[in-house]
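Structure first, commentary second.
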Amino acid sequence: MGKVISVFVPKGGVGKTTTSVNLAASLAVAEKKTLLIDVDPFGSSAIALGFTQDKIKAGISEVFNYTRSLSFAIHKTELDYLDFVPSNINSIQHDEKFTKTSDNRVILKNALKDLREQYDFIVIDCPPLFRGITANALTASDSVLIPIKCGHLSLEAVDKLFNYLNWIKENSNPKLEVEGIIFTMYEKGSKVTEISEREMNLRYKDYLFDIVIPSSNLLNEATFYGKPLCLYKIDSEGAIAYLELAYKILKNNSSKMITSENISTNE
Ligand code: ATP
Ligand code: MG
């Protein structure tokens, strides 16, 4: 049964979409069957994967409106092992309706029930807000991966997030775990980096990955070509960092995962 990981922190522009897209692509490169679901009304993951509106037959909003099944909204990508459910919101009115229906926190969890068997990993790109859509994603997830950009405001967002995760655990998903915290847009040697690292180590040492995602313009550049960085420049520092993150997550979950490979070796 596939592991569901939400990529979330209640702060905008910290690398949630970049991490969701590049982690999902890196898991797919490792031949793990992966589904990336975008639940952010801005739909940035679609742009990062080169999907224009005309290529989208249905998306997550139809799932929340009960007009389409989640499996109907699945799109194939350039990577054999990566499938994608876009967020196809294109009007504010639609966004409001989407947000309202998502107040029912179990819509996504129920929609995923039949699909989890088909994937090794399901990665969910969340919006930066505490609201219905995010509560839905966290209720449907086994864990949350927290990307943070070095800087004081991001650290405050992590404190708020941990309070929110406790609320989700008490109200709709007692089994929710923290996959880990990963520094993004990391600039080695800067004062802000040094302070952020010190603070994070004091408060959240047990959750911190021992690798970081470096600041790299190529991660931004690749989105203009609609590609994850591993398909644009696989030998770049950024692509390697996301492959390493995928490897760490695979390693941390290896004992819990039941994949087609270890089913056949057990027989
Ligand atoms: P939002 O909350 O608005 O959805 P987000 O948290 O999803 O934002 P991204 O869209 O992933 O953040 O990233 C914000 C910007 O930073 C984008 O332009 C992206 O290309 C850039 N970016 C992300 N990661 C890096 C990195 N490691 N190095 C340099 N630029 C990056
Ligand atoms: Mg985003």
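So you can find residues: chains in the structure tokens are A, B, ... in the order shown, residues in each start at 1, and ligands are numbered from 1 in order.
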
Residue neighbourhood stretch 160-169 of chain A, 12 Å, only C-alpha atoms, exclusion window fewer than 5 positions, as a PyMOL selection string: chain A and resi 6-11+105-106+128-132+134-148+153-155+174-178+180-181+203-204+207

Within 12 Å of A:Ser87 using only C-alpha atoms, minus same-chain residues under 6 positions, as a ChimeraX atom specification: /A:36-47,51-53,56-64,70,73-75,94-95,98,124-127,133

Residue contacts of A:Ala246 (7 Å, only C-alpha atoms) excluding same-chain residues fewer than 3 positions away, as an MDAnalysis selection string: chainID A and resid 23 26:27 242:243 249:250

Using only C-alpha atoms and all ligand atoms, which residues have at least one atom no more than 7 Å from ligand 1? Output them as a PDB file with N, CA, C and O atoms, in the first residue's frame.
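Result file is selection.pdb:
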```pdb
ATOM      1  N   LYS A  11       3.518  28.605   5.028  1.00  0.00           N
ATOM      2  CA  LYS A  11       4.264  29.790   4.581  1.00  0.00           C
ATOM      3  C   LYS A  11       4.441  29.709   3.073  1.00  0.00           C
ATOM      4  O   LYS A  11       4.768  28.648   2.541  1.00  0.00           O
ATOM      5  N   GLY A  12       4.216  30.836   2.409  1.00  0.00           N
ATOM      6  CA  GLY A  12       4.308  30.854   0.949  1.00  0.00           C
ATOM      7  C   GLY A  12       5.748  30.968   0.460  1.00  0.00           C
ATOM      8  O   GLY A  12       6.611  31.515   1.147  1.00  0.00           O
ATOM      9  N   GLY A  13       5.993  30.426  -0.709  1.00  0.00           N
ATOM     10  CA  GLY A  13       7.266  30.615  -1.403  1.00  0.00           C
ATOM     11  C   GLY A  13       8.477  29.976  -0.747  1.00  0.00           C
ATOM     12  O   GLY A  13       9.597  30.441  -0.924  1.00  0.00           O
ATOM     13  N   VAL A  14       8.286  28.879  -0.010  1.00  0.00           N
ATOM     14  CA  VAL A  14       9.422  28.246   0.677  1.00  0.00           C
ATOM     15  C   VAL A  14       9.931  26.987  -0.033  1.00  0.00           C
ATOM     16  O   VAL A  14      10.837  26.323   0.443  1.00  0.00           O
ATOM     17  N   GLY A  15       9.280  26.652  -1.158  1.00  0.00           N
ATOM     18  CA  GLY A  15       9.739  25.482  -1.916  1.00  0.00           C
ATOM     19  C   GLY A  15       8.842  24.260  -1.783  1.00  0.00           C
ATOM     20  O   GLY A  15       9.288  23.136  -2.054  1.00  0.00           O
ATOM     21  N   LYS A  16       7.584  24.442  -1.413  1.00  0.00           N
ATOM     22  CA  LYS A  16       6.675  23.278  -1.299  1.00  0.00           C
ATOM     23  C   LYS A  16       6.453  22.629  -2.665  1.00  0.00           C
ATOM     24  O   LYS A  16       6.599  21.409  -2.810  1.00  0.00           O
ATOM     25  N   THR A  17       6.093  23.452  -3.662  1.00  0.00           N
ATOM     26  CA  THR A  17       5.824  22.893  -4.989  1.00  0.00           C
ATOM     27  C   THR A  17       7.099  22.319  -5.601  1.00  0.00           C
ATOM     28  O   THR A  17       7.092  21.208  -6.140  1.00  0.00           O
ATOM     29  N   THR A  18       8.187  23.058  -5.492  1.00  0.00           N
ATOM     30  CA  THR A  18       9.463  22.583  -6.047  1.00  0.00           C
ATOM     31  C   THR A  18       9.852  21.252  -5.400  1.00  0.00           C
ATOM     32  O   THR A  18      10.301  20.318  -6.081  1.00  0.00           O
ATOM     33  N   THR A  19       9.636  21.150  -4.084  1.00  0.00           N
ATOM     34  CA  THR A  19       9.969  19.903  -3.383  1.00  0.00           C
ATOM     35  C   THR A  19       9.014  18.781  -3.793  1.00  0.00           C
ATOM     36  O   THR A  19       9.453  17.653  -4.053  1.00  0.00           O
ATOM     37  N   ASP A  40      -3.229  22.650  -4.381  1.00  0.00           N
ATOM     38  CA  ASP A  40      -3.148  24.104  -4.243  1.00  0.00           C
ATOM     39  C   ASP A  40      -3.920  24.769  -5.386  1.00  0.00           C
ATOM     40  O   ASP A  40      -3.609  24.533  -6.562  1.00  0.00           O
ATOM     41  N   SER A  44       0.429  25.333  -9.358  1.00  0.00           N
ATOM     42  CA  SER A  44       1.802  25.518  -9.842  1.00  0.00           C
ATOM     43  C   SER A  44       2.480  24.218 -10.261  1.00  0.00           C
ATOM     44  O   SER A  44       3.358  24.228 -11.135  1.00  0.00           O
ATOM     45  N   PRO A 127      -1.352  24.003  -0.421  1.00  0.00           N
ATOM     46  CA  PRO A 127      -1.239  25.464  -0.388  1.00  0.00           C
ATOM     47  C   PRO A 127      -0.631  25.907   0.942  1.00  0.00           C
ATOM     48  O   PRO A 127      -0.545  25.095   1.875  1.00  0.00           O
ATOM     49  N   PRO A 128      -0.239  27.167   1.067  1.00  0.00           N
ATOM     50  CA  PRO A 128       0.439  27.595   2.304  1.00  0.00           C
ATOM     51  C   PRO A 128      -0.508  27.947   3.440  1.00  0.00           C
ATOM     52  O   PRO A 128      -0.123  28.667   4.349  1.00  0.00           O
ATOM     53  N   THR A 184      15.374  24.235   2.403  1.00  0.00           N
ATOM     54  CA  THR A 184      15.409  24.507   0.959  1.00  0.00           C
ATOM     55  C   THR A 184      16.103  25.849   0.739  1.00  0.00           C
ATOM     56  O   THR A 184      16.239  26.639   1.683  1.00  0.00           O
ATOM     57  N   MET A 185      16.484  26.091  -0.503  1.00  0.00           N
ATOM     58  CA  MET A 185      17.144  27.361  -0.887  1.00  0.00           C
ATOM     59  C   MET A 185      18.287  27.676   0.088  1.00  0.00           C
ATOM     60  O   MET A 185      18.465  28.808   0.546  1.00  0.00           O
ATOM     61  N   TYR A 186      19.026  26.632   0.407  1.00  0.00           N
ATOM     62  CA  TYR A 186      20.071  26.709   1.425  1.00  0.00           C
ATOM     63  C   TYR A 186      21.301  27.442   0.887  1.00  0.00           C
ATOM     64  O   TYR A 186      21.842  27.085  -0.158  1.00  0.00           O
ATOM     65  N   ILE A 213      18.576  21.143   0.536  1.00  0.00           N
ATOM     66  CA  ILE A 213      18.391  21.472  -0.883  1.00  0.00           C
ATOM     67  C   ILE A 213      19.053  22.829  -1.107  1.00  0.00           C
ATOM     68  O   ILE A 213      18.640  23.831  -0.516  1.00  0.00           O
ATOM     69  N   PRO A 214      20.108  22.877  -1.927  1.00  0.00           N
ATOM     70  CA  PRO A 214      20.828  24.144  -2.094  1.00  0.00           C
ATOM     71  C   PRO A 214      20.010  25.175  -2.862  1.00  0.00           C
ATOM     72  O   PRO A 214      19.082  24.816  -3.599  1.00  0.00           O
ATOM     73  N   SER A 215      20.349  26.417  -2.677  1.00  0.00           N
ATOM     74  CA  SER A 215      19.754  27.461  -3.506  1.00  0.00           C
ATOM     75  C   SER A 215      20.314  27.268  -4.916  1.00  0.00           C
ATOM     76  O   SER A 215      21.525  27.186  -5.100  1.00  0.00           O
ATOM     77  N   SER A 216      19.442  27.122  -5.895  1.00  0.00           N
ATOM     78  CA  SER A 216      19.907  26.888  -7.260  1.00  0.00           C
ATOM     79  C   SER A 216      18.915  27.449  -8.261  1.00  0.00           C
ATOM     80  O   SER A 216      17.746  27.058  -8.278  1.00  0.00           O
ATOM     81  N   ASN A 217      19.386  28.375  -9.082  1.00  0.00           N
ATOM     82  CA  ASN A 217      18.516  28.970 -10.104  1.00  0.00           C
ATOM     83  C   ASN A 217      17.996  27.935 -11.083  1.00  0.00           C
ATOM     84  O   ASN A 217      16.961  28.121 -11.711  1.00  0.00           O
ATOM     85  N   LEU A 219      16.657  25.171 -10.460  1.00  0.00           N
ATOM     86  CA  LEU A 219      15.351  24.637 -10.027  1.00  0.00           C
ATOM     87  C   LEU A 219      14.231  25.527 -10.545  1.00  0.00           C
ATOM     88  O   LEU A 219      13.173  25.052 -10.962  1.00  0.00           O
ATOM     89  N   ASN A 220      14.480  26.821 -10.563  1.00  0.00           N
ATOM     90  CA  ASN A 220      13.519  27.775 -11.102  1.00  0.00           C
ATOM     91  C   ASN A 220      13.481  27.673 -12.632  1.00  0.00           C
ATOM     92  O   ASN A 220      12.418  27.586 -13.249  1.00  0.00           O
ATOM     93  N   THR A 223      11.474  24.889 -14.380  1.00  0.00           N
ATOM     94  CA  THR A 223      10.006  25.016 -14.443  1.00  0.00           C
ATOM     95  C   THR A 223       9.568  25.733 -15.723  1.00  0.00           C
ATOM     96  O   THR A 223       8.489  25.480 -16.237  1.00  0.00           O
ATOM     97  N   GLY A 238      21.189  20.641  -7.469  1.00  0.00           N
ATOM     98  CA  GLY A 238      19.787  20.597  -7.032  1.00  0.00           C
ATOM     99  C   GLY A 238      19.152  19.253  -7.336  1.00  0.00           C
ATOM    100  O   GLY A 238      18.440  18.679  -6.496  1.00  0.00           O
TER     101      GLY A 238
END
```

A:Leu49 environment, 7 Å, only C-alpha atoms, sequence neighbours closer than 4 positions dropped, as a ChimeraX atom specification: /A:45,226-228

Hey, what does DSSP flag as alpha helix (DSSP H) within stretch 45-182 of chain A? Can you give it to me as a tab-separated table (two decimals) with N, CA, C and O atoms, in the first residue's frame?
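Output saved as states.tsv:
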```tsv
chain	number	residue	atom	x	y	z
A	45	SER	N	2.09	23.10	-9.68
A	45	SER	CA	2.74	21.84	-10.05
A	45	SER	C	2.53	21.53	-11.52
A	45	SER	O	3.41	20.98	-12.19
A	46	ALA	N	1.33	21.86	-12.03
A	46	ALA	CA	1.04	21.60	-13.44
A	46	ALA	C	2.03	22.37	-14.32
A	46	ALA	O	2.57	21.83	-15.29
A	47	ILE	N	2.29	23.62	-13.96
A	47	ILE	CA	3.22	24.44	-14.75
A	47	ILE	C	4.62	23.81	-14.69
A	47	ILE	O	5.29	23.66	-15.70
A	48	ALA	N	5.00	23.41	-13.48
A	48	ALA	CA	6.34	22.82	-13.30
A	48	ALA	C	6.51	21.51	-14.07
A	48	ALA	O	7.62	21.12	-14.41
A	60	ILE	N	-8.26	18.11	-9.48
A	60	ILE	CA	-8.67	17.84	-8.10
A	60	ILE	C	-9.99	18.55	-7.75
A	60	ILE	O	-10.75	18.08	-6.91
A	61	SER	N	-10.29	19.68	-8.42
A	61	SER	CA	-11.54	20.38	-8.06
A	61	SER	C	-12.76	19.53	-8.40
A	61	SER	O	-13.74	19.52	-7.66
A	62	GLU	N	-12.72	18.77	-9.49
A	62	GLU	CA	-13.84	17.88	-9.84
A	62	GLU	C	-13.99	16.76	-8.81
A	62	GLU	O	-15.09	16.28	-8.57
A	63	VAL	N	-12.86	16.36	-8.25
A	63	VAL	CA	-12.91	15.32	-7.21
A	63	VAL	C	-13.63	15.88	-5.98
A	63	VAL	O	-14.51	15.24	-5.40
A	64	PHE	N	-13.28	17.11	-5.61
A	64	PHE	CA	-13.92	17.74	-4.45
A	64	PHE	C	-15.39	18.08	-4.73
A	64	PHE	O	-16.19	18.16	-3.81
A	92	ILE	N	-11.86	32.53	-9.52
A	92	ILE	CA	-11.98	32.72	-8.08
A	92	ILE	C	-13.24	32.04	-7.56
A	92	ILE	O	-13.24	31.41	-6.50
A	93	GLN	N	-14.31	32.11	-8.36
A	93	GLN	CA	-15.57	31.50	-7.97
A	93	GLN	C	-15.38	30.00	-7.72
A	93	GLN	O	-15.82	29.43	-6.73
A	94	HIS	N	-14.67	29.39	-8.66
A	94	HIS	CA	-14.39	27.97	-8.58
A	94	HIS	C	-13.56	27.66	-7.33
A	94	HIS	O	-13.80	26.71	-6.62
A	95	ASP	N	-12.62	28.53	-7.06
A	95	ASP	CA	-11.73	28.36	-5.91
A	95	ASP	C	-12.55	28.38	-4.62
A	95	ASP	O	-12.36	27.55	-3.73
A	96	GLU	N	-13.53	29.31	-4.53
A	96	GLU	CA	-14.35	29.41	-3.32
A	96	GLU	C	-15.17	28.15	-3.09
A	96	GLU	O	-15.27	27.64	-1.98
A	97	LYS	N	-15.74	27.64	-4.18
A	97	LYS	CA	-16.54	26.42	-4.09
A	97	LYS	C	-15.67	25.24	-3.63
A	97	LYS	O	-16.04	24.47	-2.76
A	98	PHE	N	-14.50	25.18	-4.22
A	98	PHE	CA	-13.53	24.13	-3.91
A	98	PHE	C	-13.19	24.17	-2.42
A	98	PHE	O	-13.22	23.18	-1.71
A	99	THR	N	-12.93	25.37	-1.93
A	99	THR	CA	-12.55	25.53	-0.53
A	99	THR	C	-13.71	25.13	0.38
A	99	THR	O	-13.52	24.50	1.42
A	100	LYS	N	-14.92	25.50	-0.01
A	100	LYS	CA	-16.10	25.20	0.81
A	100	LYS	C	-16.34	23.69	0.91
A	100	LYS	O	-16.51	23.15	2.00
A	101	THR	N	-16.32	23.02	-0.24
A	101	THR	CA	-16.59	21.57	-0.20
A	101	THR	C	-15.50	20.85	0.59
A	101	THR	O	-15.76	19.84	1.23
A	107	ILE	N	-12.87	13.90	2.22
A	107	ILE	CA	-13.12	13.71	0.78
A	107	ILE	C	-11.89	13.06	0.10
A	107	ILE	O	-12.00	12.06	-0.59
A	108	LEU	N	-10.72	13.64	0.33
A	108	LEU	CA	-9.53	13.13	-0.35
A	108	LEU	C	-9.14	11.74	0.17
A	108	LEU	O	-8.78	10.85	-0.62
A	109	LYS	N	-9.25	11.55	1.46
A	109	LYS	CA	-8.94	10.24	2.05
A	109	LYS	C	-9.81	9.16	1.41
A	109	LYS	O	-9.31	8.11	0.99
A	110	ASN	N	-11.09	9.42	1.29
A	110	ASN	CA	-12.00	8.44	0.67
A	110	ASN	C	-11.66	8.23	-0.81
A	110	ASN	O	-11.66	7.11	-1.30
A	111	ALA	N	-11.35	9.33	-1.49
A	111	ALA	CA	-11.05	9.23	-2.92
A	111	ALA	C	-9.78	8.42	-3.17
A	111	ALA	O	-9.63	7.77	-4.21
A	112	LEU	N	-8.86	8.44	-2.19
A	112	LEU	CA	-7.58	7.72	-2.37
A	112	LEU	C	-7.65	6.23	-2.05
A	112	LEU	O	-6.75	5.48	-2.42
A	132	GLY	N	-9.55	24.21	4.63
A	132	GLY	CA	-10.14	22.93	4.27
A	132	GLY	C	-9.29	22.03	3.40
A	132	GLY	O	-9.16	20.84	3.66
A	133	ILE	N	-8.69	22.61	2.37
A	133	ILE	CA	-7.94	21.78	1.42
A	133	ILE	C	-6.75	21.12	2.11
A	133	ILE	O	-6.47	19.93	1.93
A	134	THR	N	-6.06	21.90	2.93
A	134	THR	CA	-4.89	21.36	3.62
A	134	THR	C	-5.32	20.32	4.66
A	134	THR	O	-4.68	19.28	4.80
A	135	ALA	N	-6.41	20.60	5.36
A	135	ALA	CA	-6.92	19.63	6.36
A	135	ALA	C	-7.27	18.32	5.66
A	135	ALA	O	-7.00	17.23	6.17
A	136	ASN	N	-7.83	18.41	4.45
A	136	ASN	CA	-8.12	17.23	3.67
A	136	ASN	C	-6.85	16.45	3.35
A	136	ASN	O	-6.81	15.23	3.49
A	137	ALA	N	-5.83	17.16	2.89
A	137	ALA	CA	-4.57	16.51	2.53
A	137	ALA	C	-3.95	15.82	3.74
A	137	ALA	O	-3.52	14.67	3.67
A	138	LEU	N	-3.93	16.52	4.88
A	138	LEU	CA	-3.29	15.96	6.07
A	138	LEU	C	-4.10	14.81	6.66
A	138	LEU	O	-3.55	13.88	7.23
A	139	THR	N	-5.42	14.86	6.47
A	139	THR	CA	-6.27	13.76	6.95
A	139	THR	C	-6.04	12.50	6.09
A	139	THR	O	-6.14	11.39	6.58
A	152	HIS	N	13.85	33.68	9.84
A	152	HIS	CA	13.09	33.70	11.07
A	152	HIS	C	11.61	33.37	10.87
A	152	HIS	O	11.03	32.59	11.61
A	153	LEU	N	10.99	33.97	9.83
A	153	LEU	CA	9.55	33.76	9.66
A	153	LEU	C	9.22	32.30	9.35
A	153	LEU	O	8.18	31.81	9.73
A	154	SER	N	10.11	31.62	8.66
A	154	SER	CA	9.88	30.21	8.38
A	154	SER	C	9.90	29.40	9.66
A	154	SER	O	9.15	28.46	9.84
A	155	LEU	N	10.81	29.77	10.58
A	155	LEU	CA	10.90	29.03	11.84
A	155	LEU	C	9.60	29.18	12.63
A	155	LEU	O	9.11	28.24	13.23
A	156	GLU	N	9.04	30.40	12.62
A	156	GLU	CA	7.76	30.60	13.32
A	156	GLU	C	6.68	29.75	12.69
A	156	GLU	O	5.81	29.22	13.37
A	157	ALA	N	6.72	29.62	11.36
A	157	ALA	CA	5.71	28.82	10.66
A	157	ALA	C	5.80	27.36	11.10
A	157	ALA	O	4.78	26.67	11.19
A	158	VAL	N	7.00	26.88	11.39
A	158	VAL	CA	7.15	25.48	11.83
A	158	VAL	C	6.51	25.29	13.21
A	158	VAL	O	5.84	24.29	13.46
A	159	ASP	N	6.69	26.27	14.10
A	159	ASP	CA	6.03	26.19	15.42
A	159	ASP	C	4.52	26.09	15.24
A	159	ASP	O	3.86	25.24	15.85
A	160	LYS	N	3.97	26.98	14.40
A	160	LYS	CA	2.53	26.97	14.16
A	160	LYS	C	2.10	25.64	13.56
A	160	LYS	O	1.06	25.09	13.90
A	161	LEU	N	2.90	25.14	12.65
A	161	LEU	CA	2.56	23.88	11.99
A	161	LEU	C	2.46	22.73	12.99
A	161	LEU	O	1.52	21.94	12.93
A	162	PHE	N	3.41	22.65	13.91
A	162	PHE	CA	3.36	21.55	14.88
A	162	PHE	C	2.08	21.62	15.73
A	162	PHE	O	1.50	20.59	16.05
A	163	ASN	N	1.64	22.83	16.08
A	163	ASN	CA	0.36	22.97	16.81
A	163	ASN	C	-0.79	22.47	15.95
A	163	ASN	O	-1.69	21.77	16.42
A	164	TYR	N	-0.76	22.84	14.68
A	164	TYR	CA	-1.83	22.43	13.76
A	164	TYR	C	-1.84	20.91	13.57
A	164	TYR	O	-2.89	20.28	13.52
A	165	LEU	N	-0.64	20.32	13.47
A	165	LEU	CA	-0.57	18.86	13.29
A	165	LEU	C	-1.19	18.15	14.50
A	165	LEU	O	-1.87	17.14	14.35
A	166	ASN	N	-0.98	18.72	15.69
A	166	ASN	CA	-1.61	18.12	16.88
A	166	ASN	C	-3.12	18.19	16.77
A	166	ASN	O	-3.82	17.25	17.14
A	167	TRP	N	-3.62	19.31	16.24
A	167	TRP	CA	-5.07	19.47	16.08
A	167	TRP	C	-5.61	18.43	15.08
A	167	TRP	O	-6.62	17.79	15.32
A	168	ILE	N	-4.89	18.25	13.98
A	168	ILE	CA	-5.31	17.25	12.97
A	168	ILE	C	-5.30	15.86	13.59
A	168	ILE	O	-6.21	15.06	13.41
A	169	LYS	N	-4.23	15.58	14.37
A	169	LYS	CA	-4.13	14.26	14.99
A	169	LYS	C	-5.30	14.02	15.94
A	169	LYS	O	-5.87	12.94	15.97
A	170	GLU	N	-5.65	15.04	16.71
A	170	GLU	CA	-6.76	14.87	17.66
A	170	GLU	C	-8.11	14.78	16.96
A	170	GLU	O	-9.01	14.09	17.43
A	171	ASN	N	-8.25	15.47	15.84
A	171	ASN	CA	-9.58	15.57	15.23
A	171	ASN	C	-9.85	14.67	14.03
A	171	ASN	O	-10.99	14.29	13.80
```
